[in-house]
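Participant: Just query.tsv, nothing more (TSV, C-alpha atoms):
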chain	number	residue	atom	x	y	z
A	1	MET	CA	112.77	108.14	89.56
A	2	ILE	CA	115.75	109.80	91.26
A	3	SER	CA	117.89	107.46	93.36
A	4	ALA	CA	118.66	109.33	96.57
A	5	ALA	CA	119.13	109.29	100.32
A	6	PRO	CA	116.36	110.45	102.69
A	7	ASP	CA	117.98	113.87	103.20
A	8	PHE	CA	117.45	114.64	99.49
A	9	PHE	CA	113.75	113.80	99.67
A	10	ALA	CA	113.44	115.93	102.80
A	11	VAL	CA	114.85	118.89	100.84
A	12	THR	CA	112.65	118.35	97.77
A	13	LYS	CA	109.55	117.92	99.91
A	14	ARG	CA	110.45	121.23	101.56
A	15	VAL	CA	110.74	122.90	98.15
A	16	HIS	CA	107.43	121.29	97.14
A	17	ASN	CA	105.68	122.66	100.24
A	18	HIS	CA	107.21	126.10	99.85
A	19	ILE	CA	106.02	126.43	96.24
A	20	TYR	CA	102.53	125.70	97.55
A	21	GLY	CA	103.02	128.41	100.18
A	22	LEU	CA	103.07	125.86	103.00
A	23	PRO	CA	105.73	125.73	105.75
A	24	GLY	CA	106.01	121.92	105.72
A	25	ASP	CA	108.61	120.91	108.27
A	26	HIS	CA	109.61	124.59	108.80
A	27	GLY	CA	113.16	123.78	107.72
A	28	PRO	CA	115.50	126.08	105.75
A	29	LEU	CA	116.42	126.10	102.07
A	30	GLY	CA	119.98	127.35	102.39
A	31	GLU	CA	123.41	126.39	101.15
A	32	HIS	CA	123.45	123.14	103.13
A	33	GLU	CA	120.22	122.03	101.45
A	34	ARG	CA	121.54	123.12	98.05
A	35	ALA	CA	124.67	121.03	98.59
A	36	ILE	CA	122.54	117.96	99.36
A	37	TYR	CA	120.44	118.59	96.26
A	38	GLU	CA	123.36	119.12	93.90
A	39	ARG	CA	125.26	116.12	95.25
A	40	THR	CA	122.27	113.92	94.44
A	41	MET	CA	121.92	115.42	90.95
A	42	ALA	CA	125.60	114.69	90.28
A	43	GLU	CA	125.17	111.09	91.45
A	44	ASN	CA	122.25	110.54	89.07
A	45	VAL	CA	123.37	112.41	85.98
A	46	GLN	CA	125.99	109.97	84.63
A	47	GLU	CA	123.52	107.21	83.85
A	48	LEU	CA	121.18	109.67	82.15
A	49	ARG	CA	123.99	111.31	80.15
A	50	ALA	CA	124.83	107.95	78.60
A	51	LEU	CA	121.32	107.78	77.11
A	52	VAL	CA	121.03	111.34	75.80
A	53	ARG	CA	122.29	112.55	72.41
A	54	PRO	CA	122.40	116.10	71.00
A	55	GLY	CA	118.97	117.11	69.73
A	56	ASP	CA	117.07	114.74	72.03
A	57	ILE	CA	114.20	116.16	74.04
A	58	VAL	CA	114.45	115.54	77.77
A	59	ILE	CA	111.32	116.11	79.89
A	60	LEU	CA	111.99	116.57	83.61
A	61	HIS	CA	109.24	116.57	86.20
A	62	ASP	CA	108.91	118.61	89.38
A	63	PRO	CA	111.56	119.71	91.94
A	64	GLN	CA	113.24	116.33	92.29
A	65	THR	CA	114.63	116.48	88.74
A	66	THR	CA	115.03	120.21	88.10
A	67	GLY	CA	118.77	120.18	88.72
A	68	LEU	CA	119.27	117.80	85.78
A	69	ALA	CA	118.34	120.60	83.38
A	70	VAL	CA	121.89	122.01	83.48
A	71	PRO	CA	123.83	118.86	82.46
A	72	MET	CA	121.13	117.81	80.00
A	73	ARG	CA	121.39	121.11	78.16
A	74	ALA	CA	125.18	120.85	78.26
A	75	ALA	CA	124.79	117.43	76.57
A	76	GLY	CA	122.95	119.13	73.70
A	77	ALA	CA	119.41	118.14	74.65
A	78	LEU	CA	116.34	120.32	74.41
A	79	VAL	CA	115.08	120.47	77.98
A	80	ILE	CA	111.45	120.77	79.06
A	81	TRP	CA	110.67	121.06	82.75
A	82	ARG	CA	107.15	119.96	83.66
A	83	CYS	CA	105.88	121.38	86.96
A	84	HIS	CA	102.73	119.86	88.46
A	85	ILE	CA	102.55	122.17	91.47
A	86	GLY	CA	102.05	125.87	92.10
A	87	ARG	CA	100.24	128.62	93.90
A	88	ASP	CA	97.85	131.12	92.34
A	89	THR	CA	98.95	133.99	94.58
A	90	PRO	CA	102.70	134.15	95.36
A	91	ASP	CA	103.83	134.64	98.94
A	92	SER	CA	107.19	134.70	100.71
A	93	LEU	CA	107.33	130.91	101.03
A	94	SER	CA	106.52	130.25	97.38
A	95	GLU	CA	109.14	132.81	96.34
A	96	GLN	CA	111.73	130.97	98.45
A	97	GLY	CA	110.83	127.68	96.82
A	98	TRP	CA	111.13	129.11	93.32
A	99	ALA	CA	114.39	130.87	94.22
A	100	PHE	CA	115.88	127.51	95.19
A	101	LEU	CA	115.07	126.10	91.74
A	102	ARG	CA	115.89	129.19	89.69
A	103	PRO	CA	119.58	128.42	88.94
A	104	TYR	CA	118.56	125.15	87.30
A	105	LEU	CA	115.44	126.42	85.55
A	106	GLU	CA	117.55	128.95	83.66
A	107	ALA	CA	118.83	125.98	81.63
A	108	ALA	CA	115.39	124.73	80.58
A	109	HIS	CA	114.21	125.65	77.09
A	110	ARG	CA	110.57	125.56	78.15
A	111	VAL	CA	108.65	125.32	81.42
A	112	VAL	CA	105.27	123.57	81.29
A	113	LEU	CA	102.80	124.60	83.98
A	114	THR	CA	99.28	123.52	84.87
A	115	ARG	CA	97.99	127.10	85.22
A	116	PRO	CA	99.49	130.42	84.03
A	117	SER	CA	99.11	131.85	87.54
A	118	PHE	CA	101.59	129.26	88.85
A	119	ALA	CA	104.54	130.89	87.04
A	120	PRO	CA	107.21	132.56	89.20
A	121	THR	CA	107.38	136.31	88.62
A	122	TRP	CA	110.88	136.17	87.09
A	123	LEU	CA	110.08	133.56	84.41
A	124	ALA	CA	109.65	135.14	80.96
A	125	PRO	CA	106.21	134.47	79.42
A	126	ASP	CA	107.74	133.19	76.16
A	127	ARG	CA	109.34	130.32	78.07
A	128	ILE	CA	106.02	129.14	79.53
A	129	THR	CA	103.55	126.66	78.07
A	130	VAL	CA	100.33	125.85	79.93
A	131	ILE	CA	99.15	122.23	79.59
A	132	PRO	CA	96.67	120.82	82.11
A	133	PRO	CA	97.13	117.15	83.02
A	134	SER	CA	94.81	114.54	81.55
A	135	LEU	CA	93.72	110.99	82.19
A	136	ASP	CA	94.00	107.88	80.07
A	137	PRO	CA	90.54	106.27	79.89
A	138	PHE	CA	92.08	102.86	79.11
A	139	SER	CA	94.55	102.77	82.02
A	140	PRO	CA	93.91	100.44	84.99
A	141	LYS	CA	92.79	103.44	87.05
A	142	ASN	CA	90.18	104.62	84.55
A	143	GLN	CA	89.19	101.70	82.33
A	144	PRO	CA	85.55	100.53	82.40
A	145	MET	CA	84.77	98.15	85.25
A	146	GLN	CA	81.63	96.11	85.71
A	147	PRO	CA	79.74	96.47	89.03
A	148	ASP	CA	80.45	92.85	89.96
A	149	MET	CA	84.20	93.37	89.49
A	150	VAL	CA	84.01	96.56	91.58
A	151	ARG	CA	82.38	94.54	94.35
A	152	ARG	CA	84.87	91.69	94.10
A	153	ILE	CA	87.89	94.00	94.26
A	154	LEU	CA	86.59	95.94	97.25
A	155	VAL	CA	85.56	92.81	99.13
A	156	HIS	CA	88.82	91.02	98.38
A	157	THR	CA	90.94	93.95	99.57
A	158	GLY	CA	88.88	94.19	102.77
A	159	LEU	CA	87.48	97.64	102.02
A	160	LEU	CA	83.88	96.37	101.95
A	161	GLN	CA	82.02	93.61	103.76
A	162	GLY	CA	81.50	90.33	101.97
A	163	SER	CA	82.65	86.76	101.68
A	164	ARG	CA	85.70	86.20	99.51
A	165	GLY	CA	84.51	82.68	98.81
A	166	PRO	CA	85.99	80.32	96.22
A	167	GLU	CA	85.67	82.66	93.21
A	168	PRO	CA	88.87	83.58	91.32
A	169	LEU	CA	90.85	86.64	92.30
A	170	PRO	CA	89.42	89.83	90.74
A	171	GLN	CA	90.98	90.82	87.44
A	172	PHE	CA	91.67	93.93	85.40
A	173	VAL	CA	93.65	94.88	82.28
A	174	GLN	CA	97.21	96.06	82.97
A	175	ALA	CA	98.78	99.08	81.30
A	176	ASP	CA	100.51	96.83	78.73
A	177	GLY	CA	97.22	95.13	77.82
A	178	SER	CA	97.91	91.87	79.62
A	179	PRO	CA	95.55	90.48	82.28
A	180	GLY	CA	96.24	91.46	85.87
A	181	ARG	CA	94.69	90.46	89.16
A	182	VAL	CA	94.24	91.99	92.59
A	183	ASP	CA	96.18	89.76	94.99
A	184	ARG	CA	96.89	92.01	97.97
A	185	HIS	CA	94.77	93.49	100.73
A	186	ALA	CA	94.48	96.98	102.13
A	187	ASP	CA	95.63	97.84	105.66
A	188	ILE	CA	92.57	99.31	107.37
A	189	LEU	CA	92.16	101.08	110.70
A	190	GLN	CA	88.59	100.79	111.96
A	191	SER	CA	86.82	100.21	115.26
A	192	GLY	CA	83.55	98.83	113.93
A	193	PRO	CA	82.60	96.43	111.18
A	194	THR	CA	83.80	96.89	107.63
A	195	VAL	CA	81.58	99.10	105.48
A	196	GLU	CA	78.52	97.31	104.14
A	197	PHE	CA	78.22	97.25	100.37
A	198	ASP	CA	74.97	99.26	100.33
A	199	ALA	CA	76.04	101.89	102.89
A	200	PRO	CA	76.45	105.47	101.59
A	201	LEU	CA	80.18	106.06	101.29
A	202	VAL	CA	82.19	109.30	101.20
A	203	VAL	CA	85.72	108.76	99.89
A	204	GLN	CA	88.87	110.86	99.68
A	205	ILE	CA	91.85	109.27	97.95
A	206	SER	CA	95.18	111.07	98.13
A	207	ARG	CA	98.68	110.93	99.53
A	208	TRP	CA	99.10	111.25	103.27
A	209	ASP	CA	100.06	114.88	102.83
A	210	ARG	CA	99.14	117.87	104.99
A	211	ALA	CA	98.12	119.79	101.88
A	212	LYS	CA	95.35	117.22	101.30
A	213	ASP	CA	93.87	117.94	104.77
A	214	MET	CA	92.69	114.43	105.59
A	215	GLY	CA	92.29	115.59	109.17
A	216	GLY	CA	89.95	118.37	108.13
A	217	VAL	CA	87.84	115.92	106.13
A	218	MET	CA	87.61	113.68	109.18
A	219	GLN	CA	86.60	116.52	111.50
A	220	ALA	CA	83.97	117.89	109.12
A	221	PHE	CA	82.47	114.44	108.60
A	222	ALA	CA	82.37	113.77	112.35
A	223	GLU	CA	80.77	117.10	113.19
A	224	THR	CA	78.42	117.74	110.26
A	225	VAL	CA	77.81	114.60	108.21
A	226	ALA	CA	77.77	111.71	110.69
A	227	PRO	CA	75.10	113.12	113.05
A	228	SER	CA	72.42	113.38	110.35
A	229	THR	CA	73.24	110.61	107.85
A	230	SER	CA	74.07	106.91	107.85
A	231	ALA	CA	77.13	107.45	105.66
A	232	HIS	CA	80.64	106.14	106.27
A	233	LEU	CA	83.88	107.98	105.49
A	234	LEU	CA	86.83	106.20	103.92
A	235	LEU	CA	90.14	108.09	103.90
A	236	VAL	CA	92.47	106.29	101.52
A	237	GLY	CA	96.16	106.75	100.89
A	238	PRO	CA	99.13	104.68	99.78
A	239	SER	CA	101.05	102.38	102.07
A	240	VAL	CA	103.62	104.79	103.47
A	241	ALA	CA	106.32	102.13	103.14
A	242	GLY	CA	105.70	102.14	99.39
A	243	VAL	CA	106.30	105.87	98.83
A	244	ALA	CA	110.00	106.45	99.46
A	245	ASP	CA	110.09	110.01	98.12
A	246	ASP	CA	107.57	111.47	100.62
A	247	PRO	CA	109.16	111.69	104.08
A	248	GLU	CA	106.05	113.28	105.62
A	249	GLY	CA	103.67	110.47	104.69
A	250	GLY	CA	104.18	108.42	107.83
A	251	GLU	CA	103.91	111.49	110.04
A	252	VAL	CA	100.62	112.59	108.49
A	253	LEU	CA	99.15	109.09	108.70
A	254	LEU	CA	100.09	108.92	112.37
A	255	GLU	CA	98.47	112.31	112.99
A	256	CYS	CA	95.27	111.07	111.34
A	257	MET	CA	95.30	107.90	113.43
A	258	GLN	CA	95.72	109.89	116.63
A	259	GLN	CA	92.87	112.22	115.65
A	260	TRP	CA	90.67	109.22	114.81
A	261	GLN	CA	91.35	107.60	118.19
A	262	LEU	CA	90.01	110.68	120.00
A	263	LEU	CA	86.62	110.55	118.27
A	264	PRO	CA	83.53	109.23	120.10
A	265	HIS	CA	83.12	105.52	119.48
A	266	THR	CA	79.84	105.87	117.58
A	267	VAL	CA	81.45	108.28	115.11
A	268	ARG	CA	84.79	106.48	114.99
A	269	ALA	CA	83.00	103.28	113.90
A	270	ARG	CA	81.93	105.05	110.69
A	271	ILE	CA	85.33	106.48	109.78
A	272	HIS	CA	87.88	104.16	108.20
A	273	LEU	CA	91.53	104.84	107.34
A	274	ALA	CA	92.97	102.63	104.61
A	275	CYS	CA	96.47	102.21	103.15
A	276	LEU	CA	96.50	100.62	99.72
A	277	PRO	CA	99.26	98.24	98.59
A	278	MET	CA	101.90	99.84	96.36
A	279	ARG	CA	104.06	96.90	95.26
A	280	ASP	CA	102.18	96.65	91.95
A	281	ILE	CA	101.20	100.09	90.59
A	282	ASP	CA	98.61	98.66	88.19
A	283	GLU	CA	97.03	96.68	91.01
A	284	ASN	CA	96.91	99.84	93.14
A	285	ALA	CA	95.29	101.71	90.25
A	286	ALA	CA	92.61	99.04	89.81
A	287	ILE	CA	91.72	99.30	93.51
A	288	VAL	CA	91.44	103.09	93.24
A	289	ASN	CA	89.27	102.65	90.13
A	290	ALA	CA	86.90	100.38	92.04
A	291	LEU	CA	86.74	102.73	95.03
A	292	GLN	CA	85.94	105.77	92.92
A	293	ARG	CA	83.24	103.90	91.01
A	294	HIS	CA	81.62	102.67	94.23
A	295	ALA	CA	81.73	105.94	96.20
A	296	THR	CA	78.49	107.81	96.78
A	297	VAL	CA	80.41	111.10	97.02
A	298	VAL	CA	84.09	111.73	96.27
A	299	VAL	CA	85.81	114.60	98.06
A	300	GLN	CA	89.13	116.38	97.66
A	301	LYS	CA	89.42	119.00	100.41
A	302	SER	CA	92.92	120.14	99.54
A	303	LEU	CA	94.46	123.24	101.07
A	304	ALA	CA	96.71	123.57	98.01
A	305	GLU	CA	96.72	121.69	94.75
A	306	GLY	CA	98.55	121.67	91.44
A	307	PHE	CA	95.76	120.04	89.46
A	308	GLY	CA	94.26	117.26	91.54
A	309	LEU	CA	93.89	114.49	88.99
A	310	THR	CA	91.89	112.38	91.45
A	311	VAL	CA	89.09	114.92	90.88
A	312	ALA	CA	89.05	114.31	87.12
A	313	GLU	CA	89.26	110.55	87.71
A	314	ALA	CA	86.15	110.59	89.91
A	315	MET	CA	84.34	112.91	87.50
A	316	TRP	CA	85.13	110.53	84.62
A	317	LYS	CA	83.30	107.83	86.59
A	318	ALA	CA	80.24	110.11	86.91
A	319	ARG	CA	80.73	110.62	90.63
A	320	PRO	CA	79.53	113.82	92.35
A	321	VAL	CA	82.60	115.59	93.71
A	322	VAL	CA	83.02	118.15	96.50
A	323	ALA	CA	86.45	119.78	96.25
A	324	SER	CA	88.33	122.90	97.28
A	325	ALA	CA	88.51	125.83	94.86
A	326	VAL	CA	92.31	125.78	94.75
A	327	GLY	CA	94.77	125.34	91.90
A	328	GLY	CA	93.67	123.29	88.92
A	329	ILE	CA	90.58	121.94	90.69
A	330	GLN	CA	88.95	125.24	89.70
A	331	ASP	CA	89.57	124.39	86.03
A	332	GLN	CA	87.93	120.99	86.35
A	333	ILE	CA	84.72	121.72	88.24
A	334	VAL	CA	82.13	124.31	87.30
A	335	ASP	CA	80.52	124.96	90.67
A	336	GLY	CA	76.93	123.75	90.79
A	337	GLU	CA	77.13	122.30	87.28
A	338	SER	CA	79.74	119.54	87.29
A	339	GLY	CA	80.47	119.35	91.01
A	340	VAL	CA	80.65	121.49	94.12
A	341	LEU	CA	83.52	123.86	94.88
A	342	LEU	CA	84.41	124.80	98.44
A	343	HIS	CA	85.57	128.40	98.12
A	344	ASP	CA	87.21	128.43	101.56
A	345	PRO	CA	89.06	125.13	102.13
A	346	GLY	CA	89.18	125.89	105.84
A	347	ASP	CA	85.40	126.21	106.21
A	348	LEU	CA	84.64	122.80	107.69
A	349	PRO	CA	80.89	123.37	108.28
A	350	ALA	CA	80.41	124.44	104.64
A	351	PHE	CA	82.32	121.40	103.43
A	352	GLY	CA	80.27	119.07	105.62
A	353	GLU	CA	77.01	120.66	104.49
A	354	ALA	CA	77.96	120.27	100.82
A	355	VAL	CA	78.69	116.57	101.34
A	356	ARG	CA	75.49	116.07	103.34
A	357	ASP	CA	73.41	117.80	100.64
A	358	LEU	CA	74.64	115.35	98.01
A	359	LEU	CA	74.04	112.36	100.25
A	360	GLU	CA	70.48	113.51	100.89
A	361	ASP	CA	69.69	114.45	97.27
A	362	PRO	CA	70.57	111.55	94.95
A	363	VAL	CA	68.90	113.29	91.98
A	364	LEU	CA	71.24	116.28	92.34
A	365	ALA	CA	74.21	113.95	92.86
A	366	ALA	CA	73.39	112.01	89.68
A	367	ARG	CA	72.96	115.21	87.65
A	368	LEU	CA	76.32	116.57	88.78
A	369	GLY	CA	77.95	113.22	88.09
A	370	ARG	CA	76.67	113.06	84.52
A	371	ALA	CA	77.83	116.60	83.81
A	372	ALA	CA	81.20	115.84	85.40
A	373	GLU	CA	81.77	112.87	83.11
A	374	GLN	CA	80.96	114.98	80.05
A	375	ARG	CA	83.30	117.78	81.14
A	376	VAL	CA	86.23	115.39	81.49
A	377	SER	CA	85.40	113.85	78.13
A	378	ASP	CA	85.46	117.31	76.53
A	379	LEU	CA	88.60	118.72	78.18
A	380	PHE	CA	90.80	116.30	80.09
A	381	LEU	CA	91.35	113.10	78.13
A	382	SER	CA	94.73	112.02	76.80
A	383	ASP	CA	94.06	112.75	73.12
A	384	THR	CA	93.79	116.48	73.83
A	385	HIS	CA	96.86	116.27	76.06
A	386	LEU	CA	98.87	114.57	73.32
A	387	GLU	CA	97.97	117.32	70.86
A	388	HIS	CA	99.25	120.00	73.27
A	389	TRP	CA	102.55	118.17	73.77
A	390	SER	CA	103.00	117.49	70.05
A	391	ASN	CA	102.62	121.19	69.30
A	392	LEU	CA	105.15	122.10	72.00
A	393	ILE	CA	107.76	119.60	70.78
A	394	LEU	CA	107.30	120.69	67.17
A	395	THR	CA	107.82	124.30	68.22
A	396	LEU	CA	111.01	123.46	70.09
A	397	HIS	CA	112.47	121.53	67.18
A	398	THR	CA	111.77	124.27	64.67
A	399	ALA	CA	112.52	127.38	66.73
A	400	PRO	CA	113.83	126.90	70.27
A	401	PRO	CA	112.75	129.86	72.40
A	402	PRO	CA	115.32	132.20	73.92
A	403	ILE	CA	116.49	131.12	77.34
A	404	GLY	CA	118.38	132.55	80.25
A	405	ASP	CA	122.03	132.09	81.06
A	406	SER	CA	122.44	128.46	82.01
A	407	SER	CA	125.90	129.09	83.42
A	408	THR	CA	124.31	129.87	86.79
A	409	GLY	CA	123.72	126.16	87.36
A	410	HIS	CA	126.31	124.47	89.55
A	411	ILE	CA	125.96	120.83	88.63
A	412	SER	CA	128.69	119.20	86.59
For this file, produce the structure as structure tokens.

Facilitator:
Amino acid sequence: MISAAPDFFAVTKRVHNHIYGLPGDHGPLGEHERAIYERTMAENVQELRALVRPGDIVILHDPQTTGLAVPMRAAGALVIWRCHIGRDTPDSLSEQGWAFLRPYLEAAHRVVLTRPSFAPTWLAPDRITVIPPSLDPFSPKNQPMQPDMVRRILVHTGLLQGSRGPEPLPQFVQADGSPGRVDRHADILQSGPTVEFDAPLVVQISRWDRAKDMGGVMQAFAETVAPSTSAHLLLVGPSVAGVADDPEGGEVLLECMQQWQLLPHTVRARIHLACLPMRDIDENAAIVNALQRHATVVVQKSLAEGFGLTVAEAMWKARPVVASAVGGIQDQIVDGESGVLLHDPGDLPAFGEAVRDLLEDPVLAARLGRAAEQRVSDLFLSDTHLEHWSNLILTLHTAPPPIGDSSTGHIS
């Protein structure tokens, strides 16, 4: 992770939003912002240079690291830039975001995108490789979990009702194979009792990010789902104190809290906002695993999305998913077969009706969930992903593709 001051993360979040075609904080991407960005790259490059030898392959991820492509190529490395974000249809904002990164991307030997439509117009096709993300079925977020352990984790963290009692802390297997346990609790905003274990539960898990439209999920649930079902809604994100590289997280969480406070009490009692602990990433992943396995319906009503791996994670757990037809979500869900796609992310009544239909038709929900699990098994597991990356690296080692003039980069 890049070590940087808050002004750097404000700039990279702005670039991130622009590439999605979103205004974000409405700030500029001019020479002042470029100076902040390049200063941070220069501060971070020395430590990395000491580790890199000619012929090494360096994989950089997303806007925060793009500027390192120039010094890494100068050090003799083969540079791959992996971009997890994008927009299917370019607009003026996305063009501005790509223009900010262009001087550094000219130094990358290959650019890996989630979808071919995400590529900026000026990037030559022979420099692009399309590799969708994948999930690791043995990771703490996706490993098998018995129903009793799901219950114990969710009760211990405070996300579901139940007595914690004298039983040992819930356990899981950490990424390194050693035993781990869930020690910490979630921070939950709610006006009524905690969700009962048997209550129908709609869950969205994502960053507190305007592109994820947590507020829209809340409004649609309040207006369309709550009046005709007994379901609860759980909006789940990370503890904003634990995500240093997202300066908007706290703002978006506050906006959601203010929106929640304005709801009628009877509806507000069935909508819960939760921040999960982030001090132990494996522990956080185990909590997410338990939530996705317990949810009646998982939703991802994004306004923009690179891939949306939380969709594949829920599908892997045979959950019925309602998600926006944006970005890579469209590659994961076949509408009506392995989930439900919302073709207009801004259509709140349609979103609410889709969720309500699944809550009221458990046979349909189970059928979609089974098909979802099979689709992830066929297309989005890590063995397929590894094959794609192996082929790319072999290609680079044997015949590096032609690249642009890296002298346009400014970082030394």

Participant: Using only C-alpha atoms, what table do you get, as CSV, when you list each residue of region 11-39 of chain A with an atom no more than 8 Å from region 60-80 of chain A, its nearest pair of atoms, and their distance in Å rounded to one decimal, rows by chain then rising number?

Facilitator:
residue,atom,partner,partner_atom,distance
A:Thr12,CA,A:Gln64,CA,5.9
A:Val15,CA,A:Pro63,CA,7.0
A:His16,CA,A:Pro63,CA,6.8
A:Tyr37,CA,A:Gly67,CA,7.9
A:Glu38,CA,A:Gly67,CA,7.0

Participant: Can you write just those residues out, C-alpha atoms, as a compact mmCIF listing (two decimals), keeping the file's coordinate frame?

Facilitator:
# COMPACT_ATOMS: atom_id res chain seq x y z
CA THR A 12 112.65 118.35 97.77
CA VAL A 15 110.74 122.90 98.15
CA HIS A 16 107.43 121.29 97.14
CA TYR A 37 120.44 118.59 96.26
CA GLU A 38 123.36 119.12 93.90

Participant: Region 101-176 of chain A near region 382-390 of chain A within 12 Å: what's each residue's closest atom pair and its distance in Å to one decimal, counting all atoms listed in the file, ordered by chain then ascending residue number, as JSON lines?

Facilitator:
{"residue": "A:Arg110", "atom": "CA", "partner": "A:Trp389", "partner_atom": "CA", "distance": 11.8}
{"residue": "A:Val112", "atom": "CA", "partner": "A:Trp389", "partner_atom": "CA", "distance": 9.6}
{"residue": "A:Thr114", "atom": "CA", "partner": "A:His385", "partner_atom": "CA", "distance": 11.7}
{"residue": "A:Thr129", "atom": "CA", "partner": "A:His388", "partner_atom": "CA", "distance": 9.3}
{"residue": "A:Val130", "atom": "CA", "partner": "A:His388", "partner_atom": "CA", "distance": 8.9}
{"residue": "A:Ile131", "atom": "CA", "partner": "A:His388", "partner_atom": "CA", "distance": 6.7}
{"residue": "A:Pro132", "atom": "CA", "partner": "A:His385", "partner_atom": "CA", "distance": 7.6}
{"residue": "A:Pro133", "atom": "CA", "partner": "A:His385", "partner_atom": "CA", "distance": 7.0}
{"residue": "A:Ser134", "atom": "CA", "partner": "A:Ser382", "partner_atom": "CA", "distance": 5.4}
{"residue": "A:Leu135", "atom": "CA", "partner": "A:Ser382", "partner_atom": "CA", "distance": 5.6}
{"residue": "A:Asp136", "atom": "CA", "partner": "A:Ser382", "partner_atom": "CA", "distance": 5.3}
{"residue": "A:Pro137", "atom": "CA", "partner": "A:Ser382", "partner_atom": "CA", "distance": 7.8}
{"residue": "A:Phe138", "atom": "CA", "partner": "A:Ser382", "partner_atom": "CA", "distance": 9.8}
{"residue": "A:Ser139", "atom": "CA", "partner": "A:Ser382", "partner_atom": "CA", "distance": 10.6}
{"residue": "A:Asn142", "atom": "CA", "partner": "A:Ser382", "partner_atom": "CA", "distance": 11.6}

Participant: Sorted by chain and rising residue number, list the residues of region 92-129 of chain A at most 6 Å from region 19-36 of chain A (counting only C-alpha atoms), each with its closest atom pair and distance in Å to one decimal, as a Markdown table.

Facilitator:
| residue | atom | partner | partner_atom | distance |
| --- | --- | --- | --- | --- |
| A:Leu93 | CA | A:Gly21 | CA | 5.1 |
| A:Ser94 | CA | A:Ile19 | CA | 4.0 |
| A:Gly97 | CA | A:Ile19 | CA | 5.0 |

Participant: For each of A:Gly216, A:Gly162, A:Pro116, A:Pro193, take the minimum atom-to-atom distance to Ala350 (chain A), counting all atoms listed in the file, then give the residue where this is smallest.

Facilitator: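 Result for the nearest residue to Ala350 (chain A): A:Gly216.
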
Participant: Do a neighbour search on Leu359 (chain A) at 9 Å with only C-alpha atoms, toss out local chain neighbours closer than 3 positions, and write the hits as a PDB file with C-alpha atoms, keeping the file's coordinate frame.

Facilitator:
ATOM      1  CA  PRO A 200      76.450 105.470 101.590  1.00  0.00           C
ATOM      2  CA  LEU A 201      80.180 106.060 101.290  1.00  0.00           C
ATOM      3  CA  VAL A 202      82.190 109.300 101.200  1.00  0.00           C
ATOM      4  CA  THR A 229      73.240 110.610 107.850  1.00  0.00           C
ATOM      5  CA  ALA A 231      77.130 107.450 105.660  1.00  0.00           C
ATOM      6  CA  THR A 296      78.490 107.810  96.780  1.00  0.00           C
ATOM      7  CA  VAL A 297      80.410 111.100  97.020  1.00  0.00           C
ATOM      8  CA  ALA A 354      77.960 120.270 100.820  1.00  0.00           C
ATOM      9  CA  VAL A 355      78.690 116.570 101.340  1.00  0.00           C
ATOM     10  CA  ARG A 356      75.490 116.070 103.340  1.00  0.00           C
ATOM     11  CA  PRO A 362      70.570 111.550  94.950  1.00  0.00           C
ATOM     12  CA  ALA A 365      74.210 113.950  92.860  1.00  0.00           C
TER      13      ALA A 365
END

Participant: When you look at Ser117 (chain A) with a cut-off of 9 Å (counting all atoms listed in the file), what residues show up, excluding the ones that are within fewer than 4 positions of it in the same chain? I need them as a PDB file with C-alpha atoms, keeping the file's coordinate frame.

Facilitator:
ATOM      1  CA  GLY A  86     102.050 125.870  92.100  1.00  0.00           C
ATOM      2  CA  ARG A  87     100.240 128.620  93.900  1.00  0.00           C
ATOM      3  CA  ASP A  88      97.850 131.120  92.340  1.00  0.00           C
ATOM      4  CA  THR A  89      98.950 133.990  94.580  1.00  0.00           C
ATOM      5  CA  PRO A  90     102.700 134.150  95.360  1.00  0.00           C
ATOM      6  CA  LEU A 113     102.800 124.600  83.980  1.00  0.00           C
ATOM      7  CA  GLY A 327      94.770 125.340  91.900  1.00  0.00           C
TER       8      GLY A 327
END

Participant: Smallest atom-to-atom distance to Ile287 (chain A): which of A:Cys83, A:Arg181, A:Val45, A:Thr121, using all atoms listed in the file?

Facilitator: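 Closest residue, counting all atoms listed in the file: A:Arg181.
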
Participant: Figure out the distance between CA of Gly328 (chain A) and CA of Leu123 (chain A), please, to one decimal in Å.

Facilitator: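 So the answer is 19.9 Å.
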